[in-house]
Amino acid sequence: LITAQVENIAYDARKNPNRVTIDLRQGVTRNAARIELFTNARESELTNKDEQLDTSPSLSLSDDGSGGPSSPLFITSESIRQVNLGYGEYKRSKELVLDYQLLYTFNRVDASRIDGTISTVGYIQPNEAMVYSGQPMRGGGPVRPDVSQIYSASTKPVVLYSHKLTMKKIGD
């Protein structure tokens with residue numbers, strides 16, 4: 001028997017359109033009892049008809065909107081902070097903070113089809129960057145942070161996911 005993993009989702013666009021709270025059922029994961037999602041920035045752009053980001057045929061439309069080289073490309077992005085709140089050993093509170101950049105592109109291929117991509121870029125927090133910026137001590141000791149590399153480690157992506165999608169019109 002499969003049970004729901006989410007106890008509650010709280011979202012009020014009038015109060016705060018940039019925040020979502022997700023309460024998980026007890027025992028679903030050791031990493032969180034609650035997840036807070038904060039949207040920190042949103043952007044969108046419709047490229048000019050003359051502006052081409054890619055010259056491949058799949059990224060172009062004709063002036064009549066049915067396909068060809070002069071179609072605009074719609075691009076949108078969001079910056080999201082995910083905060084996982086829970087309890088660790090001995091019922092001590094713990095949190096894990098993750099930052100993401102989501103990038104969506106949409107291109108109308110013809111009157112009944114839109115192709116797109118969804119890319120997710122993940123970053124680590126500065127306190128975590130200390131661990132990944134250093135070298136292990138001689139003799140197998142703990143990692144010794146390299147302060148000169150912390151900024152670089154916390155501002156460069158550590159993971160990238162990219163997915164292609166196709167949306168097709170169904171019926172008339």
# chains A, B, ... in the order shown; residues from 1 in each chain; ligands from 1
>>> closest_atom_pairs(of="region 65-155 of chain A", to="region 32-35 of chain A", cutoff="12 Å", atoms="only C-alpha atoms", output="Markdown table")
| residue | atom | partner | partner_atom | distance |
| --- | --- | --- | --- | --- |
| A:Arg81 | CA | A:Ile35 | CA | 10.3 |
| A:Gln82 | CA | A:Ile35 | CA | 6.8 |
| A:Val83 | CA | A:Ile35 | CA | 5.7 |
| A:Asn84 | CA | A:Ile35 | CA | 4.6 |
| A:Leu85 | CA | A:Ala32 | CA | 5.0 |
| A:Gly86 | CA | A:Ala32 | CA | 4.3 |
| A:Tyr87 | CA | A:Ala32 | CA | 7.2 |
| A:Gly88 | CA | A:Ala32 | CA | 9.1 |
| A:Lys91 | CA | A:Ala33 | CA | 11.9 |
| A:Ser93 | CA | A:Ala32 | CA | 9.9 |
| A:Lys94 | CA | A:Ala32 | CA | 8.4 |
| A:Glu95 | CA | A:Ala32 | CA | 7.8 |
| A:Leu96 | CA | A:Ala32 | CA | 8.4 |
| A:Val97 | CA | A:Ile35 | CA | 9.9 |
| A:Leu98 | CA | A:Ile35 | CA | 10.8 |
>>> write_last_selection(atoms="C-alpha atoms", output="short mmCIF file (atom, residue, chain, number, x, y, z; two decimals), in the first residue's frame")
data_model
loop_
_atom_site.label_atom_id
_atom_site.label_comp_id
_atom_site.auth_asym_id
_atom_site.auth_seq_id
_atom_site.Cartn_x
_atom_site.Cartn_y
_atom_site.Cartn_z
CA ARG A 81 16.43 28.65 -1.92
CA GLN A 82 15.33 25.36 -0.36
CA VAL A 83 15.61 25.05 3.41
CA ASN A 84 15.14 21.55 4.84
CA LEU A 85 14.23 21.66 8.53
CA GLY A 86 14.27 18.60 10.71
CA TYR A 87 15.76 16.84 13.69
CA GLY A 88 19.04 14.99 13.88
CA LYS A 91 16.33 15.41 18.69
CA SER A 93 17.30 20.64 15.25
CA LYS A 94 19.13 20.68 11.95
CA GLU A 95 18.79 22.50 8.67
CA LEU A 96 20.15 22.08 5.19
CA VAL A 97 20.16 25.06 2.82
CA LEU A 98 20.30 24.56 -0.95
#
>>> residues_around(residues="region 152-160 of chain A", least_positions_apart="6", cutoff="10 Å", atoms="only C-alpha atoms", output="PyMOL selection string")
chain A and resi 99-102+119-134
>>> atom_distance(atom1="CA of Leu24 (chain A)", atom2="CA of Leu165 (chain A)")
29.0 Å
>>> residues_around(residues="Thr76 (chain A)", least_positions_apart="6", cutoff="7 Å", atoms="only C-alpha atoms", output="mmCIF file with all heavy atoms, in the first residue's frame")
data_model
loop_
_atom_site.group_PDB
_atom_site.id
_atom_site.type_symbol
_atom_site.label_atom_id
_atom_site.label_comp_id
_atom_site.auth_asym_id
_atom_site.auth_seq_id
_atom_site.Cartn_x
_atom_site.Cartn_y
_atom_site.Cartn_z
ATOM 1 N N GLU A 43 12.979 36.140 -13.729
ATOM 2 C CA GLU A 43 13.230 36.941 -14.923
ATOM 3 C C GLU A 43 12.619 36.228 -16.112
ATOM 4 O O GLU A 43 12.508 35.001 -16.126
ATOM 5 C CB GLU A 43 14.731 37.090 -15.192
ATOM 6 C CG GLU A 43 15.488 37.901 -14.181
ATOM 7 C CD GLU A 43 16.935 38.047 -14.594
ATOM 8 O OE1 GLU A 43 17.192 38.760 -15.580
ATOM 9 O OE2 GLU A 43 17.780 37.429 -13.941
ATOM 10 N N SER A 44 12.248 36.999 -17.123
ATOM 11 C CA SER A 44 11.805 36.396 -18.377
ATOM 12 C C SER A 44 12.179 37.322 -19.520
ATOM 13 O O SER A 44 12.344 38.525 -19.331
ATOM 14 C CB SER A 44 10.301 36.123 -18.367
ATOM 15 O OG SER A 44 9.595 37.334 -18.250
ATOM 16 N N GLU A 45 12.334 36.727 -20.686
ATOM 17 C CA GLU A 45 12.729 37.499 -21.862
ATOM 18 C C GLU A 45 12.201 36.802 -23.108
ATOM 19 O O GLU A 45 12.202 35.581 -23.205
ATOM 20 C CB GLU A 45 14.255 37.585 -21.931
ATOM 21 C CG GLU A 45 14.767 38.332 -23.129
ATOM 22 C CD GLU A 45 16.284 38.417 -23.160
ATOM 23 O OE1 GLU A 45 16.939 38.151 -22.132
ATOM 24 O OE2 GLU A 45 16.808 38.743 -24.229
ATOM 25 N N LEU A 103 16.276 27.389 -15.204
ATOM 26 C CA LEU A 103 16.231 28.099 -16.479
ATOM 27 C C LEU A 103 15.352 27.305 -17.435
ATOM 28 O O LEU A 103 15.573 26.120 -17.649
ATOM 29 C CB LEU A 103 17.638 28.250 -17.061
ATOM 30 C CG LEU A 103 17.726 28.917 -18.418
ATOM 31 C CD1 LEU A 103 17.346 30.387 -18.326
ATOM 32 C CD2 LEU A 103 19.131 28.771 -18.984
ATOM 33 N N TYR A 104 14.346 27.975 -17.980
ATOM 34 C CA TYR A 104 13.413 27.352 -18.923
ATOM 35 C C TYR A 104 13.523 28.073 -20.266
ATOM 36 O O TYR A 104 13.573 29.304 -20.301
ATOM 37 C CB TYR A 104 11.961 27.504 -18.449
ATOM 38 C CG TYR A 104 11.702 27.062 -17.038
ATOM 39 C CD1 TYR A 104 11.872 27.945 -15.965
ATOM 40 C CD2 TYR A 104 11.243 25.782 -16.772
ATOM 41 C CE1 TYR A 104 11.600 27.546 -14.671
ATOM 42 C CE2 TYR A 104 10.965 25.377 -15.473
ATOM 43 C CZ TYR A 104 11.148 26.268 -14.422
ATOM 44 O OH TYR A 104 10.882 25.876 -13.136
ATOM 45 N N THR A 105 13.551 27.336 -21.358
ATOM 46 C CA THR A 105 13.476 27.931 -22.688
ATOM 47 C C THR A 105 12.342 27.256 -23.443
ATOM 48 O O THR A 105 12.128 26.054 -23.316
ATOM 49 C CB THR A 105 14.786 27.771 -23.492
ATOM 50 O OG1 THR A 105 15.046 26.378 -23.688
ATOM 51 C CG2 THR A 105 15.959 28.414 -22.777
#
>>> residues_around(residues="region 16-23 of chain A", least_positions_apart="6", cutoff="8 Å", atoms="only C-alpha atoms", output="PyMOL selection string")
chain A and resi 6-10+33-40
>>> select_by_dssp(residues="chain A", states="helix (DSSP H, G or I)", output="ChimeraX atom specification")
/A:57-59,89-91,126-133,147-155
>>> decode(residues="region 71-107 of chain A", atoms="C-alpha atoms", output="compact mmCIF listing (two decimals), in the first residue's frame")
# COMPACT_ATOMS: atom_id res chain seq x y z
CA SER A 71 10.70 33.11 -34.40
CA PRO A 72 11.47 34.53 -30.96
CA LEU A 73 12.63 32.28 -28.13
CA PHE A 74 10.97 32.64 -24.71
CA ILE A 75 13.38 32.35 -21.76
CA THR A 76 12.48 32.46 -18.08
CA SER A 77 14.45 31.79 -14.90
CA GLU A 78 13.93 31.55 -11.15
CA SER A 79 16.35 31.56 -8.24
CA ILE A 80 15.16 29.31 -5.43
CA ARG A 81 16.43 28.65 -1.92
CA GLN A 82 15.33 25.36 -0.36
CA VAL A 83 15.61 25.05 3.41
CA ASN A 84 15.14 21.55 4.84
CA LEU A 85 14.23 21.66 8.53
CA GLY A 86 14.27 18.60 10.71
CA TYR A 87 15.76 16.84 13.69
CA GLY A 88 19.04 14.99 13.88
CA GLU A 89 20.46 12.74 16.53
CA TYR A 90 19.22 13.30 20.06
CA LYS A 91 16.33 15.41 18.69
CA ARG A 92 18.62 18.35 17.94
CA SER A 93 17.30 20.64 15.25
CA LYS A 94 19.13 20.68 11.95
CA GLU A 95 18.79 22.50 8.67
CA LEU A 96 20.15 22.08 5.19
CA VAL A 97 20.16 25.06 2.82
CA LEU A 98 20.30 24.56 -0.95
CA ASP A 99 20.29 27.18 -3.72
CA TYR A 100 19.08 26.52 -7.26
CA GLN A 101 18.79 28.44 -10.50
CA LEU A 102 16.05 27.13 -12.81
CA LEU A 103 16.23 28.10 -16.48
CA TYR A 104 13.41 27.35 -18.92
CA THR A 105 13.48 27.93 -22.69
CA PHE A 106 10.49 27.55 -25.01
CA ASN A 107 10.42 27.61 -28.79
